[in-house]
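Next comes work-v4.cif, a file with mmCIF, C-alpha atoms.
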```cif
data_final
#
loop_
_atom_site.label_atom_id
_atom_site.label_comp_id
_atom_site.auth_asym_id
_atom_site.auth_seq_id
_atom_site.Cartn_x
_atom_site.Cartn_y
_atom_site.Cartn_z
CA MET J 1 -0.30 22.86 4.79
CA ALA J 2 2.00 20.02 5.78
CA PRO J 3 1.98 17.06 3.35
CA LYS J 4 -0.29 14.95 5.58
CA GLU J 5 -2.76 17.80 5.99
CA LEU J 6 -2.80 18.45 2.25
CA VAL J 7 -3.51 14.82 1.39
CA ILE J 8 -6.24 14.53 4.05
CA ALA J 9 -7.84 17.70 2.67
CA LEU J 10 -7.81 16.22 -0.83
CA PHE J 11 -9.33 12.95 0.37
CA THR J 12 -12.02 14.84 2.23
CA ALA J 13 -12.87 16.91 -0.85
CA VAL J 14 -13.03 13.86 -3.13
CA PHE J 15 -14.60 11.13 -0.98
CA MET J 16 -16.61 12.94 1.70
CA ASP J 17 -17.59 16.40 0.46
CA HIS J 18 -17.62 15.45 -3.24
CA ASP J 19 -16.37 18.95 -3.96
CA PRO J 20 -14.64 19.26 -7.38
CA GLU J 21 -13.66 22.90 -6.84
CA ALA J 22 -11.94 22.19 -3.54
CA ALA J 23 -10.18 19.16 -5.01
CA ARG J 24 -8.96 21.13 -8.02
CA GLY J 25 -7.39 23.70 -5.71
CA LEU J 26 -5.31 20.99 -4.03
CA ILE J 27 -3.88 19.15 -7.04
CA ALA J 28 -1.52 20.17 -9.81
CA PRO J 29 -3.04 20.55 -13.32
CA ASP J 30 -0.56 17.96 -14.59
CA TYR J 31 -1.30 15.55 -11.73
CA ILE J 32 0.38 12.21 -12.54
CA GLN J 33 -1.92 9.23 -12.10
CA HIS J 34 -0.70 5.63 -11.75
CA ASN J 35 -4.02 3.94 -10.97
CA PRO J 36 -4.49 1.80 -14.11
CA GLN J 37 -8.20 2.68 -14.47
CA ILE J 38 -8.10 6.48 -14.09
CA GLU J 39 -6.90 8.96 -16.67
CA THR J 40 -3.91 11.08 -15.79
CA GLY J 41 -4.11 14.82 -15.11
CA ALA J 42 -6.32 16.80 -12.73
CA ASP J 43 -9.44 16.14 -14.81
CA GLY J 44 -9.02 12.38 -14.41
CA LEU J 45 -9.50 12.69 -10.66
CA ILE J 46 -12.10 15.47 -10.82
CA ASN J 47 -14.24 13.44 -13.23
CA LEU J 48 -14.21 10.56 -10.75
CA ILE J 49 -15.97 12.57 -8.03
CA PRO J 50 -19.55 12.30 -9.46
CA VAL J 51 -19.08 8.54 -9.86
CA LEU J 52 -18.04 8.22 -6.23
CA GLU J 53 -21.04 10.25 -5.09
CA GLN J 54 -23.55 8.40 -7.27
CA THR J 55 -22.34 4.91 -6.33
CA GLY J 56 -21.94 5.67 -2.63
CA VAL J 57 -18.29 4.68 -2.34
CA THR J 58 -16.92 5.55 1.10
CA VAL J 59 -13.38 5.42 2.48
CA THR J 60 -11.95 4.81 5.94
CA THR J 61 -8.32 5.74 6.56
CA HIS J 62 -6.73 3.45 9.15
CA ARG J 63 -3.12 4.67 9.05
CA ILE J 64 -1.27 7.61 7.62
CA LEU J 65 2.49 8.05 7.48
CA ALA J 66 4.73 10.52 5.73
CA GLU J 67 8.37 11.00 4.88
CA GLY J 68 9.68 13.93 2.90
CA ASP J 69 7.30 14.66 0.02
CA LEU J 70 5.50 11.28 0.18
CA VAL J 71 2.34 10.42 2.13
CA VAL J 72 0.88 6.92 2.50
CA LEU J 73 -2.74 6.21 3.44
CA HIS J 74 -3.80 2.70 4.48
CA ASN J 75 -7.46 2.67 3.47
CA SER J 76 -10.51 0.50 3.13
CA TYR J 77 -13.26 1.27 0.62
CA ASP J 78 -16.90 0.26 1.13
CA ASN J 79 -19.68 0.10 -1.48
CA ALA J 80 -16.82 -0.20 -3.96
CA HIS J 81 -18.64 -2.26 -6.60
CA ALA J 82 -17.66 0.33 -9.22
CA PHE J 83 -14.05 -0.70 -8.60
CA GLY J 84 -14.66 -4.42 -8.67
CA ALA J 85 -15.68 -5.56 -5.16
CA PRO J 86 -18.01 -4.62 -2.27
CA GLN J 87 -15.03 -3.93 -0.02
CA LEU J 88 -11.43 -3.16 -0.94
CA ALA J 89 -8.25 -2.80 1.06
CA ALA J 90 -5.88 -0.24 -0.39
CA PHE J 91 -2.71 1.70 -0.03
CA ASP J 92 -2.76 5.16 -1.59
CA VAL J 93 0.55 6.99 -2.00
CA PHE J 94 0.76 10.68 -2.86
CA ARG J 95 3.66 12.95 -3.73
CA VAL J 96 3.39 16.59 -2.72
CA GLN J 97 5.26 19.50 -4.25
CA GLU J 98 4.97 23.25 -3.62
CA GLY J 99 1.67 22.98 -1.78
CA ARG J 100 -0.09 20.75 -4.31
CA VAL J 101 -0.58 17.01 -4.70
CA VAL J 102 1.29 16.13 -7.89
CA GLU J 103 1.34 12.32 -8.16
CA HIS J 104 -0.60 9.25 -6.98
CA TRP J 105 0.04 5.52 -6.83
CA ASP J 106 -2.27 2.88 -5.36
CA ASN J 107 -2.97 -0.80 -5.01
CA LEU J 108 -6.37 -2.36 -4.29
CA GLN J 109 -7.45 -5.84 -3.28
CA PRO J 110 -10.88 -7.31 -2.45
CA ILE J 111 -11.36 -8.00 1.26
CA PRO J 112 -12.38 -11.64 1.80
CA GLU J 113 -14.98 -12.76 4.34
CA THR J 114 -12.47 -14.95 6.19
CA THR J 115 -8.71 -14.96 6.65
CA VAL J 116 -6.19 -17.59 7.71
CA SER J 117 -5.09 -15.65 10.81
CA GLY J 118 -8.57 -14.48 11.74
CA ARG J 119 -7.48 -10.84 11.47
CA GLY J 120 -8.68 -8.23 9.03
CA MET J 121 -6.58 -6.62 6.34
CA THR J 122 -6.55 -3.22 8.06
CA ASP J 123 -7.02 -3.76 11.81
CA GLY J 124 -4.27 -3.60 14.43
CA PRO J 125 -2.08 -0.87 15.96
CA THR J 126 -2.11 2.59 14.41
CA GLN J 127 0.00 4.76 16.72
CA ILE J 128 3.29 6.03 15.31
CA THR J 129 6.13 5.80 17.83
CA ASP J 130 9.96 5.70 17.88
CA LEU J 131 10.43 8.58 15.46
CA HIS J 132 14.13 8.63 16.37
CA ARG J 133 14.47 5.11 14.92
CA THR J 134 12.89 5.84 11.54
CA GLU J 135 16.03 5.35 9.46
CA GLU J 136 17.13 2.31 11.46
CA ASN J 137 13.72 0.69 10.99
CA LYS J 138 13.71 1.50 7.28
CA GLN J 139 17.04 -0.23 6.75
CA LEU J 140 15.86 -3.25 8.75
CA VAL J 141 12.78 -3.66 6.56
CA LEU J 142 14.70 -3.13 3.32
CA GLY J 143 17.12 -5.84 4.39
CA PHE J 144 14.19 -8.18 5.04
CA VAL J 145 12.70 -7.38 1.63
CA ARG J 146 16.02 -7.99 -0.10
CA ASP J 147 17.00 -11.18 1.71
CA VAL J 148 13.72 -12.92 2.54
CA LEU J 149 11.16 -11.76 -0.02
CA GLY J 150 13.65 -11.08 -2.81
CA GLY J 151 15.41 -14.39 -2.17
CA ALA J 152 18.96 -13.07 -1.70
CA GLY J 153 19.32 -14.83 1.65
CA PRO J 154 16.13 -16.26 3.13
CA GLU J 155 18.12 -18.03 5.84
CA ALA J 156 18.80 -14.56 7.31
CA ALA J 157 15.15 -14.12 8.33
CA PRO J 158 15.83 -14.49 12.10
CA ARG J 159 18.12 -11.46 11.84
CA TYR J 160 15.10 -9.32 11.06
CA MET J 161 12.32 -10.93 13.08
CA ASP J 162 11.50 -13.28 15.92
CA PRO J 163 10.29 -16.39 14.05
CA GLU J 164 7.41 -16.79 16.52
CA ILE J 165 6.25 -13.16 16.55
CA TYR J 166 5.12 -12.08 13.11
CA ILE J 167 1.51 -10.89 13.23
CA GLN J 168 0.03 -11.43 9.81
CA HIS J 169 -2.78 -9.52 8.09
CA ASN J 170 -2.35 -11.02 4.63
CA PRO J 171 -5.62 -12.97 4.34
CA ASN J 172 -3.93 -16.10 2.96
CA ILE J 173 -0.91 -16.43 5.28
CA ALA J 174 -0.63 -17.73 8.85
CA ASP J 175 1.31 -16.00 11.62
CA GLY J 176 5.02 -16.42 12.27
CA LEU J 177 7.97 -17.04 10.00
CA ALA J 178 6.72 -20.60 9.47
CA GLY J 179 3.47 -19.27 8.07
CA LEU J 180 5.30 -16.96 5.68
CA MET J 181 7.66 -19.67 4.44
CA ALA J 182 4.81 -22.16 4.05
CA ALA J 183 2.95 -19.64 1.89
CA ILE J 184 6.01 -18.98 -0.28
CA GLU J 185 6.46 -22.74 -0.78
CA ALA J 186 2.76 -23.18 -1.60
CA TYR J 187 2.85 -20.41 -4.19
CA ALA J 188 5.98 -21.93 -5.72
CA ALA J 189 4.28 -25.33 -5.96
CA GLN J 190 1.50 -23.64 -7.94
CA GLY J 191 4.04 -22.09 -10.32
CA GLN J 192 3.83 -18.69 -8.62
CA VAL J 193 7.57 -18.29 -8.09
CA ILE J 194 8.78 -14.75 -7.41
CA THR J 195 11.69 -13.98 -9.73
CA GLN J 196 11.78 -10.21 -9.16
CA PHE J 197 10.99 -8.14 -6.10
CA GLU J 198 12.23 -4.60 -6.59
CA PRO J 199 11.31 -1.87 -4.08
CA ARG J 200 10.18 1.24 -5.96
CA ILE J 201 8.66 3.42 -3.21
CA VAL J 202 9.77 3.45 0.44
CA VAL J 203 8.16 5.59 3.14
CA ALA J 204 9.07 5.25 6.81
CA GLU J 205 7.85 7.08 9.88
CA GLY J 206 8.89 5.80 13.26
CA ASN J 207 7.78 2.20 13.83
CA PHE J 208 6.02 1.87 10.44
CA VAL J 209 7.76 1.20 7.13
CA PHE J 210 5.92 1.04 3.79
CA VAL J 211 7.44 -0.50 0.66
CA ALA J 212 5.84 -0.68 -2.80
CA SER J 213 7.57 -3.27 -4.97
CA ASP J 214 7.57 -4.06 -8.65
CA ALA J 215 7.48 -7.85 -8.82
CA VAL J 216 7.36 -10.73 -11.25
CA MET J 217 5.49 -13.79 -9.97
CA GLY J 218 4.75 -16.80 -12.11
CA GLY J 219 6.20 -14.91 -15.07
CA GLU J 220 3.61 -12.12 -14.75
CA PRO J 221 3.98 -8.55 -13.42
CA TRP J 222 2.58 -7.87 -9.96
CA ALA J 223 2.55 -4.96 -7.54
CA PHE J 224 3.19 -5.65 -3.85
CA PHE J 225 2.35 -2.80 -1.45
CA ASP J 226 3.51 -3.82 2.05
CA LEU J 227 3.48 -2.18 5.47
CA TRP J 228 5.52 -3.44 8.40
CA ARG J 229 5.52 -2.49 12.07
CA VAL J 230 8.85 -2.66 13.88
CA GLU J 231 9.32 -3.01 17.63
CA ASN J 232 12.66 -2.99 19.46
CA GLY J 233 14.65 -3.65 16.31
CA ARG J 234 12.51 -6.55 15.07
CA ILE J 235 9.71 -6.75 12.51
CA VAL J 236 6.57 -7.81 14.39
CA GLU J 237 3.55 -7.14 12.14
CA HIS J 238 2.66 -7.03 8.44
CA TRP J 239 -0.15 -5.75 6.23
CA ASP J 240 -0.23 -5.87 2.44
CA VAL J 241 -2.25 -5.28 -0.70
CA VAL J 242 -1.24 -7.35 -3.72
CA SER J 243 -2.54 -7.13 -7.28
CA PRO J 244 -1.53 -8.05 -10.82
CA ILE J 245 -0.39 -5.22 -13.07
CA PRO J 246 -2.67 -5.00 -16.11
CA ALA J 247 -1.19 -4.85 -19.61
CA GLU J 248 -3.48 -1.97 -20.61
CA MET J 249 -3.97 1.23 -18.63
CA ALA J 250 -5.88 4.47 -19.03
CA HIS J 251 -2.56 6.34 -19.35
CA ASP J 252 1.11 5.83 -20.24
CA ASN J 253 2.51 6.40 -16.74
CA GLY J 254 2.82 2.74 -15.73
CA LYS J 255 2.04 1.30 -12.32
CA PHE J 256 5.11 2.90 -10.77
#
```

Is it possible to express this structure as structure tokens?
Amino acid sequence: MAPKELVIALFTAVFMDHDPEAARGLIAPDYIQHNPQIETGADGLINLIPVLEQTGVTVTTHRILAEGDLVVLHNSYDNAHAFGAPQLAAFDVFRVQEGRVVEHWDNLQPIPETTVSGRGMTDGPTQITDLHRTEENKQLVLGFVRDVLGGAGPEAAPRYMDPEIYIQHNPNIADGLAGLMAAIEAYAAQGQVITQFEPRIVVAEGNFVFVASDAVMGGEPWAFFDLWRVENGRIVEHWDVVSPIPAEMAHDNGKF
């Protein structure tokens, strides 16, 4: 199976069919888990399946993109009280090797009832286009992350985006470059200054570019999982899932 097909098969076995045997056949015995709450190894995931079935957790996959051995799912989880909220937005990232899923990273965030932009955290375009521009779009987004979010040169923002056309799905940020900058200033005024923003996972496919970053905000470790849509050489749309990184985890693998 291709990486996307393998990951979809695993998700189907775990979240829809609740089939431990099928799931075990798709993952490596030494499966590396980075979700802070789940034990590492194949058994950590297999043991989760009865909990998902009993609590009625369901998943909807809104977008899926892949590059090389990495696959990214943009998901929403319903009936997710067992994980801390009724509804969660999430990015799940999987690494595939020799026909098995071997590693998993994720980030989850409660979905609020209202958002500043009026959009949801997962709605919007889903079609992958411009495959021939994948590398170009990846470099554009990485430049934006470095200069604007990482603070190396925020004045360069118009190089990466039209200041008026930045469709925002972060529930707390308004559209446009002005909305983004206003949010950054508001966070800074609350002591939430970003002093580190280091991309750790990058996956691009056509007009979509995903970046998972290891960040320090307000002196505390955070994980930022971001997805951007690029159109005609400009960033036009953004989704994200942001969460603090806990000090204690169910394994020694770390968040990244």

Stretch 187-197 of chain J, all listed atoms, 8 Å padding on each side: what axis-aligned box centre and edge lengths in Å to one decimal come out, as JSON?
```
{"center_x": 6.6, "center_y": -16.7, "center_z": -7.3, "size_x": 26.3, "size_y": 33.2, "size_z": 22.1}
```

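Applied to the file shown here, the PyMOL selection byres ((chain J and resi 107-118) around 7) selects Ala85, Gln87, Leu88, Ala89, Ala90, Phe91, Asp92, Asp106, Arg119, Gly120, Gln168, Pro171, Asn172, Ile173, Ala174, Asp175, Phe225, Val241, Val242 and Ser243 of chain J.
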
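Excluding stretch 23-29 of chain J itself and same-chain residues fewer than 5 positions from it, the residues having an atom within 6 Å of it are Leu10, Ala13, Ala42, Arg100, Val101 and Val102 of chain J, counting all atoms listed in the file.
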
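For J:Ala215, the list of residues within 12 Å, based on all atoms listed in the file and with local chain neighbours fewer than 5 positions off taken out, reads Val145, Leu149, Gly150, Gln192, Val193, Ile194, Thr195, Gln196, Phe197, Glu198, Pro199, Arg200, Glu220, Pro221, Trp222, Ala223, Phe224, Phe225, Val242, Ser243, Pro244, Ile245, Lys255 and Phe256 of chain J.
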
| query | Got a sec to resolve the PyMOL selection byres ((chain J and resi 165) around 10) on this structure and send the residues as a ChimeraX atom specification? | reply | /J:161-164,166-168,175-177,234-237

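Against the coordinates shown, the PyMOL selection byres ((chain J and resi 50-52) around 10) returns J:Val14, J:Phe15, J:Met16, J:His18, J:Asp19, J:Pro20, J:Ile46, J:Asn47, J:Leu48, J:Ile49, J:Glu53, J:Gln54, J:Thr55, J:Gly56, J:Val57, J:Thr58, J:Asn79, J:Ala80, J:Ala82.
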
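When all atoms listed in the file are used to measure the gap to J:His104, the shortest distance among J:Val71, J:Ala250, J:Val203, J:Val59 belongs to J:Val71.
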
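Using all atoms listed in the file for every distance, the candidate list J:Val93, J:Val7, J:Ala188, J:Leu140 yields J:Val93 as the residue closest to J:Gln33.
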
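Using only C-alpha atoms, the smallest distance between any of J:Glu103, J:Asp69, J:Asp78, J:Asp17 and J:Asn253 comes from J:Glu103.
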
| query | Quick one: of J:Glu5, J:Glu21, J:Asp147, J:Asp43, who's nearest to J:Ile64, counting only C-alpha atoms? | reply | J:Glu5

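We find atom CA of J:Trp228 and atom CA of J:Val209 to be spaced 5.3 Å apart.
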
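Here atom CA of J:Glu67 stands at a distance of 15.8 Å from atom CA of J:Gln127.
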
| query | Rounded to one decimal in Å, what is the spacing between atom CA of J:His74 and atom CA of J:Gly153? | reply | 29.2 Å

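For the set J:Ala182, J:Val96, J:Ile8, J:Met121, the residue with the smallest atom-to-atom gap to J:Ser76 is J:Met121, counting all atoms listed in the file.
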
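Take the candidates J:Gly99, J:Gly233, J:Gly206, J:Pro86 and check each one against J:Arg159 using all atoms listed in the file; the shortest distance goes to J:Gly233.
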